[in-house]
Amino acid sequence: MEAKVVRQKFLEFFESKNHKIVPSAPIVVQNDPTLMFTNAGMNQFKDYFLGNKKAEFTRIADTQKCLRVSGKHNDLEEVGLDTYHHTMFEMLGNWSFGDYFKKEAISWAWELLTDVYGLPKERMYATIFEGDASEELERDQEAFDLWKQFLPEERILNGNKKDNFWEMGDTGPCGPCSEIHIDLRPQSDVDKVSGAELVNQDHPLVIEIWNLVFIQFNRLADGSLKNLPQKHVDTGMGFERLAMAIQGKQSNYDSDVFTPMIDLIASKANLKYGTDHKTDVAMRVIADHIRAISFTIADGQLPSNAKAGYVIRRILRRAVRYGYTFMGFQEPTLHSLVDLLADQFKDVFPELYAQKDFVAKVIKEEETSFLRTLEKGLKRFESIKTDAKDGVVKGEVAFELYDTYGFPLDLTSLIAKENQLEVDEKGFTAEMTKQKERSKSAAQQSAGDWIELDAEAEGVFVGYDESETVSHITKYREVNQKGKTIYQLVLDKTPFYAESGGQVGDTGYFDFGAEKVSVFDTKKENDLIIHYTKELPSDLNAEFKAVVNLKKRKLTENNHSATHLLHAALRQVLGDHVQQKGSLVNDQVLRFDFSHFSKVTEEEIREIERIVNHKIRENISLDEKRNVPIDQAKEMGATALFGEKYGDFVRVITFDRDYSVELCGGTHVGATGSIGLFKIVSESSVAAGVRRIEAVTADRAEEYFNGEMDLLSQIKDLLKNPKDPVKIIQSLMDEKQQLQKQIEDINIEKAKGVKSELIKSAVKEGDANVIMAQVSLPNAEVLKQISFELKNEVEGLILILAADLSGKPMLSVMLDDNIVKDKDINASQLVREMAREIKGGGGGQPFYATAGGKDLSGLSAALDIAKVEIEAKLNSKV
Ligand code: SER
């Protein structure tokens, strides 16, 4: 059964059990401070589990792109070394939100695996939660009894909290789970050792394929468990493992999910997979990592130096270095794998196919720069080798390689071994722990648990229609943000827009009559709208008027609507390849990042501005449609963003059906005329293939133009208001150039004069020709030139000049090479002594040195010092 059929059959099976099939959420998580990446299929449904939101469908199934490389679930270091862990994998899942529970979850899982996929029943094991006294949790007898219908008791195994109590992160929905494991070993091995002994023992062929979680609790920040109002099912099955099991393979990489990629990688290196352990690991690493990297970039996360971007960069580097060290990929290679991946997943995850050139370009740029660092790191290793006298590479040094050059510990160990050295791994781990603690303490906030005041309330957003609403607090919590206490409040109804889609959160206040509580920001956590305040109202249960700062909101709306107009104009002028890659909209400015491979030219900028301003003057009315079925919105030609999570019903913002139609949750102007004026103030590059435009509108645009006009009138004033200021400036510049030339000519003449005077003043003392003089010259350059010319022209030269360079004192000592040798005079030493007299310092070489200073009046004293010194040297018998 081909992998794509395996996937299809899963979805069909649950559809037949009345599940709604939904698309995968983006792999990069937005609006959830507890997660960077989707690490389980259930993430996108967190609010349903917690009861923050009511599920529209109580049964759902999908295949979800997951990434387990950070936080609670992190498999990165295993990947490639074994054959069944991945960074990115697909999780096939089915969910019940307060609908069915253990009975259906278990029996359907069994039916699908054995009847539909035909997996061998006798090779299957189930684990159930054995209970945990410290948490006062009982053994999951119910699950045990249910499994007894399908499996003999000896194949239903107890599991501890680590394996059989699933938690999403440090806080959040959780519950006991029951895992299905399969034994894929050859019969001869099975006869020797029972599979029961190998379950959860990291055996590559006795592996977990499906996890059925019975979500019943919320793990609170204080570590305690709170019962959820309803019970839910959350299941997750590893698609790649399932395909391997069904296809009778012994490694995930041997199923057709991976073979085309493995073959391509092998062919690029002229190698064969399955012949050498080291190159096999490298091929698996690359085959795995290219998926993680490509899909995250397609979902909008670019590699960078912080947070999620850094995680991606690290994965990419791990792949590059395996390729470099073991496969001979000295040139960027990963980027050339993107096409195959895009084709392979075109039907399931079309976002990669749609952006494959962009993704490849970003990867290539990263590879190129890391290959350079890698070489530098390897050079750094050369000096490490010399330092490691006792045969040990210190922990800090290994950590430096890891942190600065992106060398994973195993790479450092490997290179060390090749050089007959060892790495102090304990020291490395200690450094790593220190760094983690540093970043933990720098982490943005630690939140207390929510205190519920009104559990029934739904937390509705009314801000599209109202800017003031009577409301009350439904829950709140205290948060420590960088050492300061702030409060987060959720209301039953709110006009406050929470930061999302690039638009900043509203500010404003809660009006309690006598008391006012100011709101300094509004943000989202999943779908919860959270108001940030510095204080709590004295009566937490009182009703109040929630009032948005309308002035700020209106200015922000100008910028948001202008962003839509800009987006459409960019596509019109630059082409359809323009994809939004990020945006920021506040009351001051709008910033728009988009994929485009070259600088936007001046003419293109003008054209874009012209189109946008034209659309503003057309005063197009906002056409806002809420709750549009997503398919209908797509038919309308609405621009959707990759990496955004859209529900079945979306909001569509249109300014002229033939011009700008976008899926958007933001707030907008009633008609484009209120934007007034649009002006691009900068165009730059933010990353490979991503350009950034910053623009201003309305009052800000006016201010911008006024600023430019002021500048112009100042210039005109200076020039005494000529008719054609450009012409005047041009002629001033020409004139300046001519004058400069003249000055240079005069300087040359002057230098010639000074030089011939100096030659005349030379005093012969034995073999030496001594010239000592105070001179006046235009600049240091001329002084230097004269000194060198005299060196060539006068034999046995001892030249000491104390110069007045248009008001600045400077000393110069130039000596014939023989003088330096025979007379023990050192220009550098001498000039330093002299320099004290002009309150300065300098130096140079034994034959030529100079010194600058502050005190012009010291020039003649400086010369006196030289006279004494030179005389002494010339008269001594050396
Ligand atoms: N949330 C569970 C897991 O990730 C089941 O989907 O394993």
# chains A, B, ... in the order shown; residues from 1 in each chain; ligands from 1

$ residues_around --residues "Phe349 of chain A" --least-positions-apart "6" --cutoff "10 Å" --atoms "only C-alpha atoms" --output "number ranges by chain"
A: 23-24, 26, 63-65, 295, 298, 342-343

$ residues_near_ligand --ligand "ligand 1" --cutoff "9 Å" --atoms "only C-alpha atoms and all ligand atoms" --output "VMD selection string"
chain A and resid 39 to 43 73 91 to 95 166 to 168 174 177 179 210 to 214 233 to 238

$ select_by_dssp --residues "segment 707-764 of chain A" --states "alpha helix (DSSP H)" --output "PyMOL selection string"
chain A and resi 707-718+725-760

$ atom_distance --atom1 "atom CA of Gly513 of chain A" --atom2 "atom CA of Phe544 of chain A"
7.6 Å

$ closest_atom_pairs --of "segment 113-213 of chain A" --to "segment 2-10 of chain A" --cutoff "10 Å" --atoms "only C-alpha atoms" --output "JSON lines"
{"residue": "A:Leu113", "atom": "CA", "partner": "A:Phe10", "partner_atom": "CA", "distance": 9.5}
{"residue": "A:Val116", "atom": "CA", "partner": "A:Lys9", "partner_atom": "CA", "distance": 7.8}
{"residue": "A:Tyr117", "atom": "CA", "partner": "A:Val6", "partner_atom": "CA", "distance": 7.8}

$ write_last_selection --atoms "C-alpha atoms" --output "short mmCIF file (atom, residue, chain, number, x, y, z; two decimals), in the first residue's frame"
data_model
loop_
_atom_site.label_atom_id
_atom_site.label_comp_id
_atom_site.auth_asym_id
_atom_site.auth_seq_id
_atom_site.Cartn_x
_atom_site.Cartn_y
_atom_site.Cartn_z
CA LEU A 113 -5.10 -1.11 12.09
CA VAL A 116 -8.31 -1.71 7.03
CA TYR A 117 -4.51 -1.88 7.10
#

$ closest_atom_pairs --of "segment 729-831 of chain A" --to "segment 713-719 of chain A" --cutoff "12 Å" --atoms "only C-alpha atoms" --output "CSV"
residue,atom,partner,partner_atom,distance
A:Ile729,CA,A:Leu719,CA,8.3
A:Gln730,CA,A:Leu719,CA,11.9
A:Ser731,CA,A:Leu719,CA,11.7
A:Leu732,CA,A:Leu719,CA,10.1

$ residues_around --residues "segment 826-830 of chain A" --least-positions-apart "5" --cutoff "8 Å" --atoms "only C-alpha atoms" --output "list in words"
Val813, Met814, Leu815, Val820, Gly842, Gly843, Gly844, Gln845, Pro846, Phe847, Tyr848, Ala849, Thr850 and Ala866 of chain A

$ write_last_selection --atoms "all heavy atoms" --output "mmCIF file, in the first residue's frame"
data_model
loop_
_atom_site.group_PDB
_atom_site.id
_atom_site.type_symbol
_atom_site.label_atom_id
_atom_site.label_comp_id
_atom_site.auth_asym_id
_atom_site.auth_seq_id
_atom_site.Cartn_x
_atom_site.Cartn_y
_atom_site.Cartn_z
ATOM 1 N N VAL A 813 60.675 62.388 10.933
ATOM 2 C CA VAL A 813 62.095 62.024 10.946
ATOM 3 C C VAL A 813 62.330 60.990 9.854
ATOM 4 O O VAL A 813 61.660 59.953 9.831
ATOM 5 C CB VAL A 813 62.502 61.433 12.309
ATOM 6 C CG1 VAL A 813 63.970 61.007 12.286
ATOM 7 C CG2 VAL A 813 62.258 62.445 13.424
ATOM 8 N N MET A 814 63.247 61.288 8.940
ATOM 9 C CA MET A 814 63.552 60.335 7.866
ATOM 10 C C MET A 814 65.059 60.114 7.860
ATOM 11 O O MET A 814 65.840 61.072 7.873
ATOM 12 C CB MET A 814 63.085 60.928 6.533
ATOM 13 C CG MET A 814 63.458 60.113 5.322
ATOM 14 S SD MET A 814 62.637 58.509 5.287
ATOM 15 C CE MET A 814 61.148 58.943 4.438
ATOM 16 N N LEU A 815 65.471 58.851 7.876
ATOM 17 C CA LEU A 815 66.904 58.553 7.943
ATOM 18 C C LEU A 815 67.326 57.642 6.800
ATOM 19 O O LEU A 815 66.574 56.726 6.410
ATOM 20 C CB LEU A 815 67.220 57.831 9.257
ATOM 21 C CG LEU A 815 66.794 58.548 10.539
ATOM 22 C CD1 LEU A 815 67.001 57.639 11.738
ATOM 23 C CD2 LEU A 815 67.565 59.846 10.711
ATOM 24 N N VAL A 820 70.795 54.529 9.897
ATOM 25 C CA VAL A 820 70.135 53.690 10.900
ATOM 26 C C VAL A 820 71.091 52.596 11.348
ATOM 27 O O VAL A 820 71.254 52.314 12.533
ATOM 28 C CB VAL A 820 68.836 53.065 10.335
ATOM 29 C CG1 VAL A 820 68.177 52.165 11.364
ATOM 30 C CG2 VAL A 820 67.875 54.151 9.887
ATOM 31 N N GLY A 842 53.628 59.591 18.644
ATOM 32 C CA GLY A 842 53.674 58.990 17.315
ATOM 33 C C GLY A 842 54.643 57.859 17.297
ATOM 34 O O GLY A 842 54.938 57.270 18.328
ATOM 35 N N GLY A 843 55.112 57.517 16.144
ATOM 36 C CA GLY A 843 56.042 56.404 16.013
ATOM 37 C C GLY A 843 56.135 56.002 14.567
ATOM 38 O O GLY A 843 55.712 56.753 13.677
ATOM 39 N N GLY A 844 56.694 54.850 14.319
ATOM 40 C CA GLY A 844 56.825 54.384 12.939
ATOM 41 C C GLY A 844 57.900 53.348 12.852
ATOM 42 O O GLY A 844 58.001 52.488 13.738
ATOM 43 N N GLN A 845 58.713 53.457 11.840
ATOM 44 C CA GLN A 845 59.776 52.472 11.657
ATOM 45 C C GLN A 845 61.123 53.115 12.039
ATOM 46 O O GLN A 845 61.196 54.333 12.201
ATOM 47 C CB GLN A 845 59.803 52.037 10.197
ATOM 48 C CG GLN A 845 58.598 51.182 9.851
ATOM 49 C CD GLN A 845 58.149 51.458 8.436
ATOM 50 O OE1 GLN A 845 57.497 52.442 8.147
ATOM 51 N NE2 GLN A 845 58.557 50.572 7.543
ATOM 52 N N PRO A 846 62.202 52.302 12.109
ATOM 53 C CA PRO A 846 63.503 52.867 12.474
ATOM 54 C C PRO A 846 63.961 53.951 11.494
ATOM 55 O O PRO A 846 64.629 54.896 11.887
ATOM 56 C CB PRO A 846 64.441 51.670 12.421
ATOM 57 C CG PRO A 846 63.571 50.480 12.602
ATOM 58 C CD PRO A 846 62.240 50.832 12.039
ATOM 59 N N PHE A 847 63.581 53.844 10.235
ATOM 60 C CA PHE A 847 64.084 54.827 9.266
ATOM 61 C C PHE A 847 63.121 55.991 9.037
ATOM 62 O O PHE A 847 63.502 57.042 8.557
ATOM 63 C CB PHE A 847 64.417 54.134 7.938
ATOM 64 C CG PHE A 847 63.196 53.822 7.111
ATOM 65 C CD1 PHE A 847 62.806 54.705 6.094
ATOM 66 C CD2 PHE A 847 62.428 52.686 7.346
ATOM 67 C CE1 PHE A 847 61.691 54.427 5.327
ATOM 68 C CE2 PHE A 847 61.315 52.417 6.588
ATOM 69 C CZ PHE A 847 60.944 53.279 5.578
ATOM 70 N N TYR A 848 61.865 55.783 9.381
ATOM 71 C CA TYR A 848 60.900 56.872 9.144
ATOM 72 C C TYR A 848 59.808 56.848 10.204
ATOM 73 O O TYR A 848 59.199 55.802 10.464
ATOM 74 C CB TYR A 848 60.266 56.702 7.753
ATOM 75 C CG TYR A 848 59.134 57.669 7.477
ATOM 76 C CD1 TYR A 848 59.361 59.046 7.493
ATOM 77 C CD2 TYR A 848 57.846 57.221 7.195
ATOM 78 C CE1 TYR A 848 58.327 59.941 7.254
ATOM 79 C CE2 TYR A 848 56.813 58.109 6.944
ATOM 80 C CZ TYR A 848 57.065 59.465 6.977
ATOM 81 O OH TYR A 848 56.042 60.344 6.738
ATOM 82 N N ALA A 849 59.599 58.002 10.825
ATOM 83 C CA ALA A 849 58.545 58.054 11.837
ATOM 84 C C ALA A 849 57.964 59.457 11.886
ATOM 85 O O ALA A 849 58.622 60.429 11.516
ATOM 86 C CB ALA A 849 59.125 57.678 13.198
ATOM 87 N N THR A 850 56.715 59.523 12.315
ATOM 88 C CA THR A 850 56.062 60.831 12.394
ATOM 89 C C THR A 850 55.310 60.936 13.714
ATOM 90 O O THR A 850 55.009 59.921 14.342
ATOM 91 C CB THR A 850 55.040 61.025 11.263
ATOM 92 O OG1 THR A 850 54.097 59.954 11.337
ATOM 93 C CG2 THR A 850 55.686 61.058 9.899
ATOM 94 N N ALA A 866 66.072 67.166 18.949
ATOM 95 C CA ALA A 866 66.665 66.367 17.878
ATOM 96 C C ALA A 866 68.121 66.762 17.664
ATOM 97 O O ALA A 866 68.990 65.901 17.474
ATOM 98 C CB ALA A 866 65.862 66.538 16.606
#

$ residues_around --residues "Glu644 of chain A" --least-positions-apart "4" --cutoff "8 Å" --atoms "only C-alpha atoms" --output "MDAnalysis selection string"
chainID A and resid 25:26 299 640

$ write_last_selection --atoms "all heavy atoms" --output "tab-separated table (two decimals), in the first residue's frame"
chain	number	residue	atom	x	y	z
A	25	ALA	N	-2.81	22.38	10.61
A	25	ALA	CA	-2.49	23.76	11.02
A	25	ALA	C	-1.04	24.01	10.59
A	25	ALA	O	-0.29	23.08	10.37
A	25	ALA	CB	-2.63	23.90	12.52
A	26	PRO	N	-0.65	25.30	10.49
A	26	PRO	CA	0.75	25.57	10.16
A	26	PRO	C	1.69	24.95	11.19
A	26	PRO	O	1.32	24.77	12.34
A	26	PRO	CB	0.84	27.10	10.22
A	26	PRO	CG	-0.55	27.58	10.11
A	26	PRO	CD	-1.43	26.53	10.67
A	299	ASP	N	5.87	27.77	5.78
A	299	ASP	CA	4.85	28.27	6.70
A	299	ASP	C	5.24	29.62	7.30
A	299	ASP	O	4.64	30.07	8.28
A	299	ASP	CB	4.58	27.26	7.82
A	299	ASP	CG	3.48	26.28	7.41
A	299	ASP	OD1	2.84	26.49	6.36
A	299	ASP	OD2	3.25	25.30	8.15
A	640	ALA	N	-4.95	34.31	0.56
A	640	ALA	CA	-4.73	33.72	1.88
A	640	ALA	C	-3.23	33.71	2.12
A	640	ALA	O	-2.45	33.72	1.19
A	640	ALA	CB	-5.29	32.32	1.92

$ residues_around --residues "Val782 of chain A" --least-positions-apart "4" --cutoff "12 Å" --atoms "only C-alpha atoms" --output "list in words"
Glu744, Asp745, Ile746, Asn747, Ile748, Glu749, Lys750, Ala751, Lys752, Val754, Lys755, Val775, Ser776, Leu777, Pro778, Ile786, Ser787, Phe788, Glu789, Ala803, Asp804, Leu805, Ser806, Met810 and Ser812 of chain A

$ closest_residue --among "A:Ala308, A:Leu401, A:Met1, A:Val652" --to "Leu67 of chain A" --atoms "only C-alpha atoms"
A:Ala308

$ select_by_dssp --residues "segment 90-215 of chain A" --states "strand (DSSP E or B)" --output "JSON, numbers by chain"
{"A": [90, 91, 92, 93, 94, 95, 96, 97, 124, 125, 126, 127, 128, 129, 132, 137, 156, 157, 158, 159, 165, 166, 167, 172, 173, 174, 175, 176, 177, 178, 179, 180, 181, 182, 183, 206, 207, 208, 209, 210, 211, 212, 213, 214, 215]}

$ residues_around --residues "Gly582 of chain A" --least-positions-apart "3" --cutoff "7 Å" --atoms "only C-alpha atoms" --output "PyMOL selection string"
chain A and resi 592-594

$ write_last_selection --atoms "all heavy atoms" --output "compact mmCIF listing (two decimals), in the first residue's frame"
# COMPACT_ATOMS: atom_id res chain seq x y z
N PHE A 592 5.86 46.00 5.40
CA PHE A 592 5.37 44.85 4.67
C PHE A 592 6.55 44.07 4.11
O PHE A 592 7.35 44.61 3.34
CB PHE A 592 4.45 45.34 3.54
CG PHE A 592 3.66 44.25 2.88
CD1 PHE A 592 2.59 43.66 3.53
CD2 PHE A 592 3.99 43.81 1.61
CE1 PHE A 592 1.87 42.64 2.93
CE2 PHE A 592 3.27 42.80 0.99
CZ PHE A 592 2.20 42.22 1.65
N ASP A 593 6.68 42.80 4.50
CA ASP A 593 7.75 41.94 3.99
C ASP A 593 7.15 40.99 2.96
O ASP A 593 6.08 40.44 3.19
CB ASP A 593 8.37 41.11 5.12
CG ASP A 593 9.05 41.98 6.16
OD1 ASP A 593 9.26 43.17 5.89
OD2 ASP A 593 9.36 41.45 7.25
N PHE A 594 7.86 40.81 1.87
CA PHE A 594 7.30 39.97 0.82
C PHE A 594 8.41 39.29 0.03
O PHE A 594 9.55 39.77 -0.02
CB PHE A 594 6.40 40.79 -0.11
CG PHE A 594 7.12 41.98 -0.71
CD1 PHE A 594 7.64 41.92 -1.99
CD2 PHE A 594 7.29 43.14 0.04
CE1 PHE A 594 8.31 42.99 -2.53
CE2 PHE A 594 7.97 44.22 -0.50
CZ PHE A 594 8.48 44.15 -1.79

$ closest_residue --among "A:Asp390, A:Leu797, A:Glu478, A:Asp82" --to "Arg284 of chain A" --atoms "only C-alpha atoms"
A:Asp82

$ residues_around --residues "Val281 of chain A" --least-positions-apart "2" --cutoff "10 Å" --atoms "only C-alpha atoms" --output "ChimeraX atom specification"
/A:79-83,273-274,276-279,283-287,322,326

$ write_last_selection --atoms "all heavy atoms" --output "tab-separated table (two decimals), in the first residue's frame"
chain	number	residue	atom	x	y	z
A	79	VAL	N	17.63	11.87	15.62
A	79	VAL	CA	17.24	11.76	14.22
A	79	VAL	C	18.44	11.42	13.33
A	79	VAL	O	19.49	12.02	13.42
A	79	VAL	CB	16.58	13.07	13.73
A	79	VAL	CG1	16.32	13.03	12.24
A	79	VAL	CG2	15.30	13.29	14.49
A	80	GLY	N	18.23	10.42	12.50
A	80	GLY	CA	19.29	9.99	11.58
A	80	GLY	C	20.09	8.85	12.15
A	80	GLY	O	20.41	7.89	11.46
A	81	LEU	N	20.41	8.96	13.47
A	81	LEU	CA	21.17	7.89	14.11
A	81	LEU	C	20.29	6.65	14.19
A	81	LEU	O	20.74	5.54	13.95
A	81	LEU	CB	21.63	8.30	15.51
A	81	LEU	CG	22.48	9.57	15.54
A	81	LEU	CD1	22.91	9.89	16.95
A	81	LEU	CD2	23.72	9.40	14.65
A	82	ASP	N	19.00	6.87	14.52
A	82	ASP	CA	18.10	5.72	14.48
A	82	ASP	C	17.24	5.82	13.22
A	82	ASP	O	17.44	6.68	12.37
A	82	ASP	CB	17.27	5.61	15.77
A	82	ASP	CG	16.20	6.69	15.90
A	82	ASP	OD1	15.80	7.27	14.87
A	82	ASP	OD2	15.75	6.95	17.03
A	83	THR	N	16.30	4.90	13.11
A	83	THR	CA	15.56	4.82	11.85
A	83	THR	C	14.09	5.16	12.01
A	83	THR	O	13.30	4.95	11.11
A	83	THR	CB	15.66	3.38	11.29
A	83	THR	OG1	15.26	2.49	12.36
A	83	THR	CG2	17.07	3.05	10.84
A	273	TYR	N	22.82	4.07	-0.72
A	273	TYR	CA	22.32	3.95	0.65
A	273	TYR	C	22.39	2.48	1.05
A	273	TYR	O	22.16	1.59	0.23
A	273	TYR	CB	20.87	4.45	0.71
A	273	TYR	CG	20.28	4.42	2.11
A	273	TYR	CD1	20.74	5.27	3.09
A	273	TYR	CD2	19.26	3.53	2.43
A	273	TYR	CE1	20.20	5.25	4.38
A	273	TYR	CE2	18.71	3.49	3.71
A	273	TYR	CZ	19.19	4.36	4.68
A	273	TYR	OH	18.65	4.32	5.95
A	274	GLY	N	22.76	2.25	2.32
A	274	GLY	CA	22.75	0.88	2.81
A	274	GLY	C	24.10	0.20	2.69
A	274	GLY	O	24.19	-1.02	2.83
A	276	ASP	N	27.17	1.86	3.97
A	276	ASP	CA	28.13	2.31	4.97
A	276	ASP	C	27.37	3.03	6.08
A	276	ASP	O	26.52	3.88	5.81
A	276	ASP	CB	29.12	3.29	4.30
A	276	ASP	CG	30.06	3.90	5.31
A	276	ASP	OD1	31.04	3.24	5.63
A	276	ASP	OD2	29.79	5.03	5.78
A	277	HIS	N	27.68	2.69	7.32
A	277	HIS	CA	26.90	3.24	8.43
A	277	HIS	C	26.94	4.77	8.45
A	277	HIS	O	25.91	5.44	8.56
A	277	HIS	CB	27.41	2.69	9.77
A	277	HIS	CG	26.73	3.31	10.95
A	277	HIS	ND1	25.40	3.06	11.24
A	277	HIS	CD2	27.16	4.19	11.88
A	277	HIS	CE1	25.05	3.76	12.31
A	277	HIS	NE2	26.11	4.45	12.71
A	278	LYS	N	28.16	5.33	8.30
A	278	LYS	CA	28.29	6.78	8.43
A	278	LYS	C	27.52	7.53	7.34
A	278	LYS	O	26.82	8.51	7.62
A	278	LYS	CB	29.76	7.18	8.32
A	278	LYS	CG	30.49	7.05	9.61
A	278	LYS	CD	31.88	7.63	9.44
A	278	LYS	CE	32.74	7.31	10.64
A	278	LYS	NZ	34.14	7.35	10.29
A	279	THR	N	27.66	7.08	6.12
A	279	THR	CA	26.95	7.81	5.05
A	279	THR	C	25.44	7.55	5.14
A	279	THR	O	24.65	8.41	4.79
A	279	THR	CB	27.49	7.44	3.65
A	279	THR	OG1	27.46	6.04	3.49
A	279	THR	CG2	28.89	7.96	3.46
A	283	MET	N	22.70	10.45	5.20
A	283	MET	CA	21.58	10.53	4.24
A	283	MET	C	20.25	10.62	4.97
A	283	MET	O	19.35	11.35	4.56
A	283	MET	CB	21.61	9.32	3.31
A	283	MET	CG	22.71	9.43	2.28
A	283	MET	SD	22.55	8.12	1.04
A	283	MET	CE	24.20	7.47	1.08
A	284	ARG	N	20.13	9.89	6.08
A	284	ARG	CA	18.88	9.96	6.83
A	284	ARG	C	18.70	11.35	7.45
A	284	ARG	O	17.62	11.91	7.42
A	284	ARG	CB	18.86	8.88	7.93
A	284	ARG	CG	18.73	7.48	7.38
A	284	ARG	CD	18.29	6.51	8.47
A	284	ARG	NE	19.31	6.27	9.47
A	284	ARG	CZ	20.15	5.23	9.46
A	284	ARG	NH1	20.09	4.35	8.46
A	284	ARG	NH2	21.02	5.07	10.42
A	285	VAL	N	19.79	11.87	7.98
A	285	VAL	CA	19.71	13.22	8.58
A	285	VAL	C	19.23	14.22	7.53
A	285	VAL	O	18.30	15.00	7.75
A	285	VAL	CB	21.09	13.66	9.13
A	285	VAL	CG1	21.11	15.15	9.42
A	285	VAL	CG2	21.43	12.87	10.38
A	286	ILE	N	19.85	14.16	6.36
A	286	ILE	CA	19.49	15.14	5.32
A	286	ILE	C	18.05	14.92	4.84
A	286	ILE	O	17.28	15.87	4.72
A	286	ILE	CB	20.49	15.06	4.15
A	286	ILE	CG1	21.89	15.43	4.65
A	286	ILE	CG2	20.07	15.98	3.02
A	286	ILE	CD1	23.00	15.21	3.64
A	287	ALA	N	17.69	13.64	4.62
A	287	ALA	CA	16.34	13.35	4.13
A	287	ALA	C	15.29	13.82	5.13
A	287	ALA	O	14.22	14.30	4.76
A	287	ALA	CB	16.19	11.85	3.87
A	322	TYR	N	26.48	17.32	8.23
A	322	TYR	CA	26.52	15.89	7.90
A	322	TYR	C	26.87	15.71	6.42
A	322	TYR	O	27.64	14.85	6.05
A	322	TYR	CB	25.18	15.21	8.22
A	322	TYR	CG	25.13	14.63	9.61
A	322	TYR	CD1	24.56	15.34	10.66
A	322	TYR	CD2	25.67	13.38	9.89
A	322	TYR	CE1	24.51	14.83	11.95
A	322	TYR	CE2	25.64	12.85	11.17
A	322	TYR	CZ	25.06	13.57	12.20
A	322	TYR	OH	25.02	13.07	13.47
A	326	PHE	N	30.40	13.90	5.69
A	326	PHE	CA	30.29	12.49	5.30
A	326	PHE	C	29.95	12.26	3.83
A	326	PHE	O	30.14	11.18	3.31
A	326	PHE	CB	29.26	11.78	6.18
A	326	PHE	CG	29.59	11.87	7.63
A	326	PHE	CD1	28.87	12.70	8.47
A	326	PHE	CD2	30.65	11.13	8.16
A	326	PHE	CE1	29.19	12.80	9.82
A	326	PHE	CE2	30.97	11.23	9.50
A	326	PHE	CZ	30.24	12.06	10.33

$ atom_distance --atom1 "atom CA of Gly427 of chain A" --atom2 "atom CA of Val392 of chain A"
10.9 Å

$ atom_distance --atom1 "atom CA of Ala105 of chain A" --atom2 "atom CA of Thr127 of chain A"
14.1 Å

$ closest_residue --among "A:Phe399, A:Phe97, A:Phe239, A:Trp147" --to "Ser413 of chain A" --atoms "only C-alpha atoms"
A:Phe399

$ closest_residue --among "A:Tyr324, A:Phe217, A:Tyr405, A:Phe57" --to "Lys379 of chain A" --atoms "only C-alpha atoms"
A:Tyr405
